[in-house]
4 protein chains.
Amino acid sequence: MTGAEFEAIAKDGVPFAALLEWRVERFAPGDVRVRLPHHALLLRPGGTICGPALMALADITLWGLVMSRIGRVDLAVTTEMTIHFLARPAPADVLAQGRVLRQGRRLVVGEVVMRSEAEPGQPICHVVGTYALPPAIDRAAPAD
Amino acid sequence: MTGAEFEAIAKDGVPFAALLEWRVERFAPGDVRVRLPHHALLLRPGGTICGPALMALADITLWGLVMSRIGRVDLAVTTEMTIHFLARPAPADVLAQGRVLRQGRRLVVGEVVMRSEAEPGQPICHVVGTYALPPAIDRAAPAD
Amino acid sequence: MTGAEFEAIAKDGVPFAALLEWRVERFAPGDVRVRLPHHALLLRPGGTICGPALMALADITLWGLVMSRIGRVDLAVTTEMTIHFLARPAPADVLAQGRVLRQGRRLVVGEVVMRSEAEPGQPICHVVGTYALPPAIDRAAPAD
Amino acid sequence: MTGAEFEAIAKDGVPFAALLEWRVERFAPGDVRVRLPHHALLLRPGGTICGPALMALADITLWGLVMSRIGRVDLAVTTEMTIHFLARPAPADVLAQGRVLRQGRRLVVGEVVMRSEAEPGQPICHVVGTYALPPAIDRAAPAD
């Protein structure tokens, strides 16, 4: 799967997140980067970017990570996600970099670190999440 | 603050989440219920509700909880949130019930449990999150 | 399985946690209560109970929850756990109450709420964690 | 503060964790490494290391991170911690590497990644946690 294919599948599949007009910037196995372009829709009081937009960005990036490793799995589902907000992002583009912490037969654990393009030195968000793979994948993949 | 006041502030403040057309159904101190009406915008593959919409609902409910206890605090910010997806929600309205686990001078920890109106017996999401209060609140509130 | 059987298995299996001399007080399917008796070994600066003892109590309680529903599964493993420390516990016994948020074929999500016997009104810890069941269980149990 | 000083304070302060005979191997500001020596006390069914020992190691490493940046703060407390178990560790020493994700006036967020000395290629645990600093530190430190 290419980044463009993932982007098409994910924007078609999750129209609420597609409103954010996110774009895949890198899509290699276990190494996915997604850009959240700045937009007035994302603002919240204090001139910063709202949490729900960053959470949606995290979820999309984690889904991309799973597909970058395993191919198209529409029915993979997030089982849990923990997000830490580390700094108030400036009103600028956000870059989410994902990597796989563990890939098993049934569960994939990924990490996403987000940085503002305006202040790339300090991460603004740290996310860890788990995706459960459907049983067909379960049988085909190597043992945990 | 009333639920209608919170709804107006939060929809004005977080326009991305306002697209979900959520509605406050209960707004007592430390006891907040928010409805996510079903909408085609929320679907994802499998005919279920997408994670980012549920995360946005969680964030709004947690913010409502803080305001239900403390009044208007635009600058309170989520510091972290953990969400567990427990069951695939049916394509129906979702009800998010929030309660305060701890209110300190500087941090408020809240819990949100979501149920689908179609299958209210099994929760579909469990969320725990922390809000940090700005320093002015810090000084005014009782000691931890 | 009875609470006494779980206690014997878990104390034999996890000797580090057994040093805490925890005791099962209730062991019904999906409803497990474990007592952490007060002990000088548990103290930390400030006259309160150390985090690692409470984390161990959470892990044991979650394991008990899984066994209370499914029977003996030595190879079930925690995949993740989130703990929120809500109040500094007094130097007194701690009671951990666990319940199942979701039981699937492959994953069990449980919640543990801890209270100090000295101040039962305010929970001191809130925990959510996931156990992955080994594949044999996977096949025998009902569909997710 | 030196690593030896931190080790003395933490072993004296948290005797339950001191039973693990952990040792500081690196103690620079925001860069702390702690070794958990292998020991029969740490085993659990399956010949692997029990979760409570790894959680205790995480908590000690996060506390070390805080002290490595701020100096002695006995009353700093963990407010929350999320741990993901990524692989079953072999019966061998575990190395926990901590780094600071964010240091604010009131909250420090740290990350700990653990590897088994027997299989260093795959992390066995990933941890994110938050420490709340007491108010005296709050006033002295730079603004968030």
# chains A, B, ... in the order shown; residues from 1 in each chain; ligands from 1

$ interface_residues --of "chain B" --to "chain D" --cutoff "12 Å" --atoms "only C-alpha atoms" --output "list in words"
Thr79, Glu80, Met81, Thr82, Ile83, Arg102, Gly104, Arg105, Arg106, Leu107, Val108, Val109, Val128, Gly129, Thr130, Tyr131, Ala132, Leu133, Pro134, Pro135, Asp138, Arg139, Ala143 and Asp144 of chain B

$ residues_around --residues "Leu43 of chain D" --least-positions-apart "2" --cutoff "12 Å" --atoms "only C-alpha atoms" --output "ChimeraX atom specification"
/C:10-18 /D:20,37-41,45-54,88-93

$ select_by_dssp --residues "chain D" --states "strand (DSSP E or B)" --output "VMD selection string"
chain D and resid 23 to 28 31 to 36 43 to 44 48 to 49 77 to 85 94 to 103 107 to 116 119 125 to 132

$ write_last_selection --atoms "C-alpha atoms" --output "PDB file, in the first residue's frame"
ATOM      1  CA  ARG D  23      20.870   0.228  40.532  1.00  0.00           C
ATOM      2  CA  VAL D  24      21.279   3.585  38.850  1.00  0.00           C
ATOM      3  CA  GLU D  25      23.567   3.279  35.822  1.00  0.00           C
ATOM      4  CA  ARG D  26      23.224   6.793  34.448  1.00  0.00           C
ATOM      5  CA  PHE D  27      22.015   9.985  36.091  1.00  0.00           C
ATOM      6  CA  ALA D  28      22.285  13.101  33.967  1.00  0.00           C
ATOM      7  CA  ASP D  31      18.582  11.147  31.154  1.00  0.00           C
ATOM      8  CA  VAL D  32      18.370   8.380  33.741  1.00  0.00           C
ATOM      9  CA  ARG D  33      19.065   4.665  33.347  1.00  0.00           C
ATOM     10  CA  VAL D  34      18.216   2.076  36.006  1.00  0.00           C
ATOM     11  CA  ARG D  35      19.103  -1.624  36.014  1.00  0.00           C
ATOM     12  CA  LEU D  36      16.837  -4.302  37.448  1.00  0.00           C
ATOM     13  CA  LEU D  43       9.653 -14.563  38.121  1.00  0.00           C
ATOM     14  CA  ARG D  44       6.062 -15.267  37.199  1.00  0.00           C
ATOM     15  CA  THR D  48       9.120 -14.246  32.611  1.00  0.00           C
ATOM     16  CA  ILE D  49       9.421 -11.188  34.841  1.00  0.00           C
ATOM     17  CA  VAL D  77       4.059  12.503  43.549  1.00  0.00           C
ATOM     18  CA  THR D  78       3.089  10.429  40.562  1.00  0.00           C
ATOM     19  CA  THR D  79      -0.313  11.567  39.358  1.00  0.00           C
ATOM     20  CA  GLU D  80      -0.738   8.953  36.652  1.00  0.00           C
ATOM     21  CA  MET D  81       1.213   6.334  34.756  1.00  0.00           C
ATOM     22  CA  THR D  82       0.427   4.272  31.651  1.00  0.00           C
ATOM     23  CA  ILE D  83       2.434   1.143  30.989  1.00  0.00           C
ATOM     24  CA  HIS D  84       2.369  -0.997  27.844  1.00  0.00           C
ATOM     25  CA  PHE D  85       3.888  -4.459  28.041  1.00  0.00           C
ATOM     26  CA  VAL D  94      16.234  -5.289  32.550  1.00  0.00           C
ATOM     27  CA  LEU D  95      17.476  -1.811  31.670  1.00  0.00           C
ATOM     28  CA  ALA D  96      15.067   1.119  32.026  1.00  0.00           C
ATOM     29  CA  GLN D  97      15.934   4.287  30.138  1.00  0.00           C
ATOM     30  CA  GLY D  98      14.041   7.424  31.111  1.00  0.00           C
ATOM     31  CA  ARG D  99      13.771  10.788  29.443  1.00  0.00           C
ATOM     32  CA  VAL D 100      11.717  13.915  30.058  1.00  0.00           C
ATOM     33  CA  LEU D 101       8.958  14.650  27.561  1.00  0.00           C
ATOM     34  CA  ARG D 102       7.959  17.905  29.215  1.00  0.00           C
ATOM     35  CA  GLN D 103       9.005  19.881  32.267  1.00  0.00           C
ATOM     36  CA  LEU D 107       4.006  18.890  36.082  1.00  0.00           C
ATOM     37  CA  VAL D 108       6.831  16.772  34.677  1.00  0.00           C
ATOM     38  CA  VAL D 109       5.953  14.171  32.041  1.00  0.00           C
ATOM     39  CA  GLY D 110       8.501  11.436  31.523  1.00  0.00           C
ATOM     40  CA  GLU D 111       8.901   8.370  29.328  1.00  0.00           C
ATOM     41  CA  VAL D 112      10.598   5.111  30.236  1.00  0.00           C
ATOM     42  CA  VAL D 113      11.557   2.426  27.726  1.00  0.00           C
ATOM     43  CA  MET D 114      12.702  -0.940  29.068  1.00  0.00           C
ATOM     44  CA  ARG D 115      14.812  -3.551  27.321  1.00  0.00           C
ATOM     45  CA  SER D 116      15.977  -6.961  28.391  1.00  0.00           C
ATOM     46  CA  GLU D 119      17.218  -9.339  23.768  1.00  0.00           C
ATOM     47  CA  CYS D 125       7.859  -2.050  28.177  1.00  0.00           C
ATOM     48  CA  HIS D 126       6.876   1.502  27.335  1.00  0.00           C
ATOM     49  CA  VAL D 127       5.789   3.859  30.084  1.00  0.00           C
ATOM     50  CA  VAL D 128       4.554   7.439  30.219  1.00  0.00           C
ATOM     51  CA  GLY D 129       3.907   9.079  33.548  1.00  0.00           C
ATOM     52  CA  THR D 130       3.302  12.430  35.177  1.00  0.00           C
ATOM     53  CA  TYR D 131       4.806  13.801  38.358  1.00  0.00           C
ATOM     54  CA  ALA D 132       3.237  16.751  40.163  1.00  0.00           C
TER      55      ALA D 132
END

$ atom_distance --atom1 "atom CA of Pro29 of chain C" --atom2 "atom CA of Met55 of chain C"
22.1 Å

$ closest_residue --among "A:Ile9, A:Ala118, A:Met1, A:Leu42" --to "Ile60 of chain A" --atoms "only C-alpha atoms"
A:Ile9

$ atom_distance --atom1 "atom CA of Gly3 of chain D" --atom2 "atom CA of Gly121 of chain A"
27.3 Å

$ atom_distance --atom1 "atom CA of Thr2 of chain B" --atom2 "atom CA of Gly30 of chain B"
12.6 Å

$ select_by_dssp --residues "segment 29-68 of chain D" --states "alpha helix (DSSP H)" --output "list in words"
Gly51, Pro52, Ala53, Leu54, Met55, Ala56, Leu57, Ala58, Asp59, Ile60, Thr61, Leu62, Trp63, Gly64, Leu65, Val66, Met67 and Ser68 of chain D
